[in-house]
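What follows is a short report on a single structure.
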Amino acid sequence: MSIRFPALRSTLPGLLLCGAITALAYALEHLEAHFLGRAWLESLVLAILLGTGVRTLYRLDARFEPGIQVGAKLLLELAVVLLGASVSGAALLEHGLGLVAGIALVVLAAILLSVAIGRSVGLSSNMALLIACGNAICGNSAIAAVAPVIDAEGKDVAAAIAFTAVLGVAVVLGLPLLVDLLGFTPVQYGVFAGLTVYAVPQVLAATAPVSAASVQIGTVVKLVRVLMLGPVVLLLSLAGRGKGRMARPALPHLLPWFIVGFLLMLCLRSLGWIPQAALLPAQQLAGFLTIMSMAALGLGVDARAVAGAGGKVVVVVLVSLLGLGLASFVLVKLLQV
């Protein structure tokens, strides 16, 4: 469970390049908001698109590689740890164990469905898992967190994130139209949005036009889905370690350090041991590290290699999202929230 920090000198060029792309992604997001009224593409998506563009158009020197690799793995793992500070166990339980259990079941069903669909159309097991976890848990962040655990290739990670990100924008724009169509109350819609929208900021964007109640319950439900990331990654780690091994590995090798850190931060937050003033900076730092790691992932991928997997990925993501929406609708109606 030890953390390996590479030599700063060897990683600095790559990390500086990742940082420059991250800064450009933030700037473009602000320009979108200023000239278009809103940011249609978030900085996280822009970072991976910019990184992929740089890698595709230019032949990077080998001296950038160590920093790019650190950015794609270690920085993301640190972001996952900080993410634990955004989740409060007490706040979740206030809304009922039935809702929490229902969300967990929807997440499990969505993962199994997505994997089955992905494998049925010929995707690799890793690609199917990336799409499944992104669809069921928290979009790009889940894809990026699961990737190092299952040793996914950079091109698979980039493809899954790219298609999931594009679809996520469409969901945010179209979801409020379902309030009247499906006869949702504001609370019901909030639960539905929390179960189906990929990222926490997107949940806010999808629920704010409806009501404050939708925003509040939607955010809580979304945080429960985020909480599923730890157990899912742990199970995938256990499954991966067990393949082809006769002897039982030691516990430190079974449990990724960043999952331990995530759960520890969750406990500290639930116990009230993290100062309120530190919560927002921790969340902002987690977001920054995630975006920087997306820039690193993009820098590791040639877009021409990603294009070949497009059609099947689109089909799997779309069908999986429809399945998630159906399961979410059923849960909303059964719980009568």
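We label chains A, B, ... in the order they appear in the structure tokens, count residues from 1 in each chain, and number ligands from 1 in the order shown.
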Nearby residues (only C-alpha atoms) at most 10 Å from Asp61 (chain A), same-chain spacing under 4 positions excluded, as a CSV table (one decimal) with N, CA, C and O atoms, in the first residue's frame:
chain,number,residue,atom,x,y,z
A,13,PRO,N,9.3,18.1,-16.7
A,13,PRO,CA,8.8,18.5,-18.0
A,13,PRO,C,7.4,18.0,-18.4
A,13,PRO,O,6.6,18.8,-18.8
A,14,GLY,N,7.1,16.8,-18.1
A,14,GLY,CA,5.8,16.3,-18.4
A,14,GLY,C,4.7,16.9,-17.6
A,14,GLY,O,3.6,17.2,-18.0
A,65,GLU,N,7.6,11.9,-21.1
A,65,GLU,CA,6.9,10.7,-20.7
A,65,GLU,C,6.8,10.4,-19.2
A,65,GLU,O,5.7,10.1,-18.8
Item to check | Shell of 6 Å around region 131-146 of chain A, only C-alpha atoms, local chain residues under 3 positions omitted, as a ChimeraX atom specification | outcome: /A:107,110-111,114-115,128,149,160-161,198-199,225-226
Mind dumping the selected residues with C-alpha atoms as an mmCIF file, in the first residue's frame?
data_model
loop_
_atom_site.group_PDB
_atom_site.id
_atom_site.type_symbol
_atom_site.label_atom_id
_atom_site.label_comp_id
_atom_site.auth_asym_id
_atom_site.auth_seq_id
_atom_site.Cartn_x
_atom_site.Cartn_y
_atom_site.Cartn_z
ATOM 1 C CA VAL A 107 -25.462 0.999 -9.624
ATOM 2 C CA ALA A 110 -26.205 -0.749 -14.379
ATOM 3 C CA ILE A 111 -22.635 -2.090 -14.197
ATOM 4 C CA SER A 114 -23.276 -2.320 -19.372
ATOM 5 C CA VAL A 115 -20.622 -5.034 -19.188
ATOM 6 C CA ALA A 128 -16.714 -2.723 -21.228
ATOM 7 C CA VAL A 149 -6.824 -0.896 -11.260
ATOM 8 C CA ALA A 160 -14.624 5.912 -22.967
ATOM 9 C CA ILE A 161 -14.180 9.375 -21.455
ATOM 10 C CA TYR A 198 -22.657 11.547 -14.655
ATOM 11 C CA ALA A 199 -20.859 14.293 -12.685
ATOM 12 C CA ARG A 225 -23.287 6.985 -6.335
ATOM 13 C CA VAL A 226 -19.833 8.509 -5.899
#
Next on the checklist: Need the shell around region 278-294 of chain A: protein/DNA/RNA residues with any atom at most 6 Å away, counting only C-alpha atoms. Skip same-chain ones fewer than 3 positions apart. Format as a ChimeraX atom specification?
Outcome noted: /A:18,22,44,47-48,71-72,75-76,79,82,275,297
Next on the checklist: Which of region 82-259 of chain A end up as helix (DSSP H, G or I) when DSSP is run on this backbone - answer as JSON, numbers by chain?
Outcome noted: {"A": [82, 83, 84, 85, 86, 89, 90, 91, 92, 93, 97, 98, 99, 100, 101, 102, 103, 104, 105, 106, 107, 108, 109, 110, 111, 112, 113, 114, 115, 116, 117, 118, 119, 120, 125, 126, 127, 128, 129, 130, 131, 132, 133, 134, 135, 136, 137, 138, 139, 140, 141, 142, 143, 144, 145, 146, 154, 155, 156, 157, 158, 159, 160, 161, 162, 163, 164, 165, 166, 167, 168, 169, 170, 171, 172, 173, 174, 175, 176, 177, 178, 179, 180, 181, 182, 186, 187, 188, 189, 190, 191, 192, 193, 194, 195, 196, 200, 201, 202, 203, 204, 205, 206, 207, 212, 213, 214, 215, 216, 217, 218, 219, 220, 221, 222, 223, 224, 225, 226, 227, 229, 230, 231, 232, 233, 234, 235, 236, 237, 238, 239, 240, 241, 242, 251, 252, 253, 254, 257, 258, 259]}
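Distances to Leu326 (chain A) were evaluated for A:Thr196, A:Ala104, A:Glu153, A:Leu263 using only C-alpha atoms, and the minimum falls at A:Thr196.
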Next on the checklist: Can you pull out the residues contacting Ile217 (chain A)? Cut-off 10 Å, using only C-alpha atoms, and skip same-chain residues under 6 positions away; I want them as a VMD selection string.
Outcome noted: chain A and resid 92 95 186 to 194 207 223
Just N, CA, C and O atoms for this one: save the residues we selected as a CSV table (one decimal), in the first residue's frame.
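File written: out-v6.csv
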chain,number,residue,atom,x,y,z
A,92,LEU,N,-26.0,11.3,4.2
A,92,LEU,CA,-26.7,10.3,3.3
A,92,LEU,C,-27.7,9.5,4.1
A,92,LEU,O,-28.8,9.3,3.5
A,95,HIS,N,-31.6,10.5,4.6
A,95,HIS,CA,-32.6,10.4,3.6
A,95,HIS,C,-33.1,8.9,3.5
A,95,HIS,O,-33.9,8.6,2.6
A,186,PRO,N,-40.7,17.6,-7.9
A,186,PRO,CA,-39.4,18.1,-7.8
A,186,PRO,C,-38.4,17.1,-7.1
A,186,PRO,O,-37.3,16.9,-7.5
A,187,VAL,N,-38.9,16.5,-6.0
A,187,VAL,CA,-38.0,15.5,-5.3
A,187,VAL,C,-37.7,14.3,-6.1
A,187,VAL,O,-36.6,13.8,-6.2
A,188,GLN,N,-38.8,13.8,-6.8
A,188,GLN,CA,-38.6,12.6,-7.6
A,188,GLN,C,-37.6,12.9,-8.8
A,188,GLN,O,-36.8,12.1,-9.1
A,189,TYR,N,-37.8,14.1,-9.3
A,189,TYR,CA,-36.9,14.4,-10.4
A,189,TYR,C,-35.4,14.5,-9.9
A,189,TYR,O,-34.5,14.1,-10.6
A,190,GLY,N,-35.3,15.1,-8.7
A,190,GLY,CA,-33.9,15.2,-8.1
A,190,GLY,C,-33.3,13.8,-8.0
A,190,GLY,O,-32.1,13.7,-8.3
A,191,VAL,N,-34.1,12.9,-7.4
A,191,VAL,CA,-33.5,11.5,-7.3
A,191,VAL,C,-33.2,10.9,-8.7
A,191,VAL,O,-32.1,10.3,-8.8
A,192,PHE,N,-34.1,11.1,-9.6
A,192,PHE,CA,-33.8,10.6,-11.0
A,192,PHE,C,-32.6,11.2,-11.6
A,192,PHE,O,-31.7,10.5,-12.2
A,193,ALA,N,-32.4,12.5,-11.5
A,193,ALA,CA,-31.2,13.2,-12.0
A,193,ALA,C,-30.0,12.7,-11.3
A,193,ALA,O,-28.9,12.5,-11.9
A,194,GLY,N,-30.0,12.6,-10.0
A,194,GLY,CA,-28.9,12.1,-9.2
A,194,GLY,C,-28.4,10.7,-9.6
A,194,GLY,O,-27.3,10.4,-9.5
A,207,THR,N,-30.6,20.0,-12.4
A,207,THR,CA,-31.7,20.2,-11.4
A,207,THR,C,-32.0,21.6,-11.1
A,207,THR,O,-33.1,21.9,-10.7
A,223,LEU,N,-24.0,11.8,-4.6
A,223,LEU,CA,-22.9,11.5,-3.7
A,223,LEU,C,-22.9,10.1,-3.2
A,223,LEU,O,-21.9,9.5,-3.0
Checklist entry - What's the 12 Å shell around Ser10 (chain A), counting only C-alpha atoms, without same-chain residues fewer than 2 positions away, as a list in words? => result Phe5, Pro6, Ala7, Leu8, Leu12, Pro13, Gly14, Leu15, Leu16, Ala62, Arg63, Phe64, Glu65, Pro66, Gly67, Ile68, Gln69 and Val70 of chain A
Write the residues you've just listed into a file as a PDB file, in the first residue's frame, and include N, CA and C atoms for each of them.
ATOM      1  N   PHE A   5       6.777   7.965  -5.177  1.00  0.00           N
ATOM      2  CA  PHE A   5       6.893   9.292  -5.755  1.00  0.00           C
ATOM      3  C   PHE A   5       8.158   9.338  -6.609  1.00  0.00           C
ATOM      4  N   PRO A   6       8.011   9.436  -7.933  1.00  0.00           N
ATOM      5  CA  PRO A   6       9.178   9.478  -8.808  1.00  0.00           C
ATOM      6  C   PRO A   6       9.986  10.743  -8.579  1.00  0.00           C
ATOM      7  N   ALA A   7      11.226  10.726  -9.064  1.00  0.00           N
ATOM      8  CA  ALA A   7      12.099  11.880  -8.923  1.00  0.00           C
ATOM      9  C   ALA A   7      11.495  13.083  -9.631  1.00  0.00           C
ATOM     10  N   LEU A   8      11.491  14.221  -8.944  1.00  0.00           N
ATOM     11  CA  LEU A   8      10.876  15.428  -9.483  1.00  0.00           C
ATOM     12  C   LEU A   8      11.555  15.873 -10.771  1.00  0.00           C
ATOM     13  N   LEU A  12       9.302  16.602 -14.078  1.00  0.00           N
ATOM     14  CA  LEU A  12       8.936  18.010 -14.186  1.00  0.00           C
ATOM     15  C   LEU A  12       8.515  18.437 -15.598  1.00  0.00           C
ATOM     16  N   PRO A  13       9.250  18.074 -16.658  1.00  0.00           N
ATOM     17  CA  PRO A  13       8.823  18.513 -18.001  1.00  0.00           C
ATOM     18  C   PRO A  13       7.409  18.044 -18.354  1.00  0.00           C
ATOM     19  N   GLY A  14       7.108  16.782 -18.102  1.00  0.00           N
ATOM     20  CA  GLY A  14       5.776  16.260 -18.413  1.00  0.00           C
ATOM     21  C   GLY A  14       4.698  16.887 -17.565  1.00  0.00           C
ATOM     22  N   LEU A  15       4.984  17.101 -16.267  1.00  0.00           N
ATOM     23  CA  LEU A  15       3.994  17.714 -15.382  1.00  0.00           C
ATOM     24  C   LEU A  15       3.725  19.167 -15.762  1.00  0.00           C
ATOM     25  N   LEU A  16       4.776  19.879 -16.177  1.00  0.00           N
ATOM     26  CA  LEU A  16       4.588  21.258 -16.622  1.00  0.00           C
ATOM     27  C   LEU A  16       3.730  21.311 -17.886  1.00  0.00           C
ATOM     28  N   ALA A  62      10.900  12.228 -25.589  1.00  0.00           N
ATOM     29  CA  ALA A  62      10.822  11.187 -24.554  1.00  0.00           C
ATOM     30  C   ALA A  62      10.913  11.758 -23.144  1.00  0.00           C
ATOM     31  N   ARG A  63      11.500  12.943 -23.004  1.00  0.00           N
ATOM     32  CA  ARG A  63      11.659  13.513 -21.656  1.00  0.00           C
ATOM     33  C   ARG A  63      10.324  13.892 -21.019  1.00  0.00           C
ATOM     34  N   PHE A  64       9.260  13.997 -21.813  1.00  0.00           N
ATOM     35  CA  PHE A  64       7.949  14.320 -21.268  1.00  0.00           C
ATOM     36  C   PHE A  64       7.231  13.096 -20.690  1.00  0.00           C
ATOM     37  N   GLU A  65       7.628  11.906 -21.089  1.00  0.00           N
ATOM     38  CA  GLU A  65       6.879  10.699 -20.741  1.00  0.00           C
ATOM     39  C   GLU A  65       6.764  10.432 -19.244  1.00  0.00           C
ATOM     40  N   PRO A  66       7.879  10.525 -18.443  1.00  0.00           N
ATOM     41  CA  PRO A  66       7.736  10.242 -16.998  1.00  0.00           C
ATOM     42  C   PRO A  66       6.693  11.113 -16.317  1.00  0.00           C
ATOM     43  N   GLY A  67       6.689  12.403 -16.624  1.00  0.00           N
ATOM     44  CA  GLY A  67       5.713  13.301 -16.011  1.00  0.00           C
ATOM     45  C   GLY A  67       4.297  13.021 -16.464  1.00  0.00           C
ATOM     46  N   ILE A  68       4.134  12.662 -17.748  1.00  0.00           N
ATOM     47  CA  ILE A  68       2.812  12.328 -18.262  1.00  0.00           C
ATOM     48  C   ILE A  68       2.263  11.096 -17.552  1.00  0.00           C
ATOM     49  N   GLN A  69       3.114  10.102 -17.326  1.00  0.00           N
ATOM     50  CA  GLN A  69       2.686   8.876 -16.645  1.00  0.00           C
ATOM     51  C   GLN A  69       2.297   9.157 -15.197  1.00  0.00           C
ATOM     52  N   VAL A  70       3.064  10.004 -14.527  1.00  0.00           N
ATOM     53  CA  VAL A  70       2.724  10.370 -13.149  1.00  0.00           C
ATOM     54  C   VAL A  70       1.405  11.138 -13.115  1.00  0.00           C
TER      55      VAL A  70
END
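Considering the residues A:Leu299, A:Leu36, A:Met228, A:Ala205 and counting only C-alpha atoms, Leu105 (chain A) has its shortest atom-to-atom contact with A:Met228.
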Checklist entry - So, counting only C-alpha atoms, which residue among A:Ala85, A:Leu46, A:Ala158, A:Val54 is closest to Ala277 (chain A)? => result A:Ala85
Checklist entry - Near Gly98 (chain A), within 9 Å and counting only C-alpha atoms, which residues show up once chain neighbours fewer than 4 positions away are dropped, as number ranges by chain? => result A: 102-103, 335
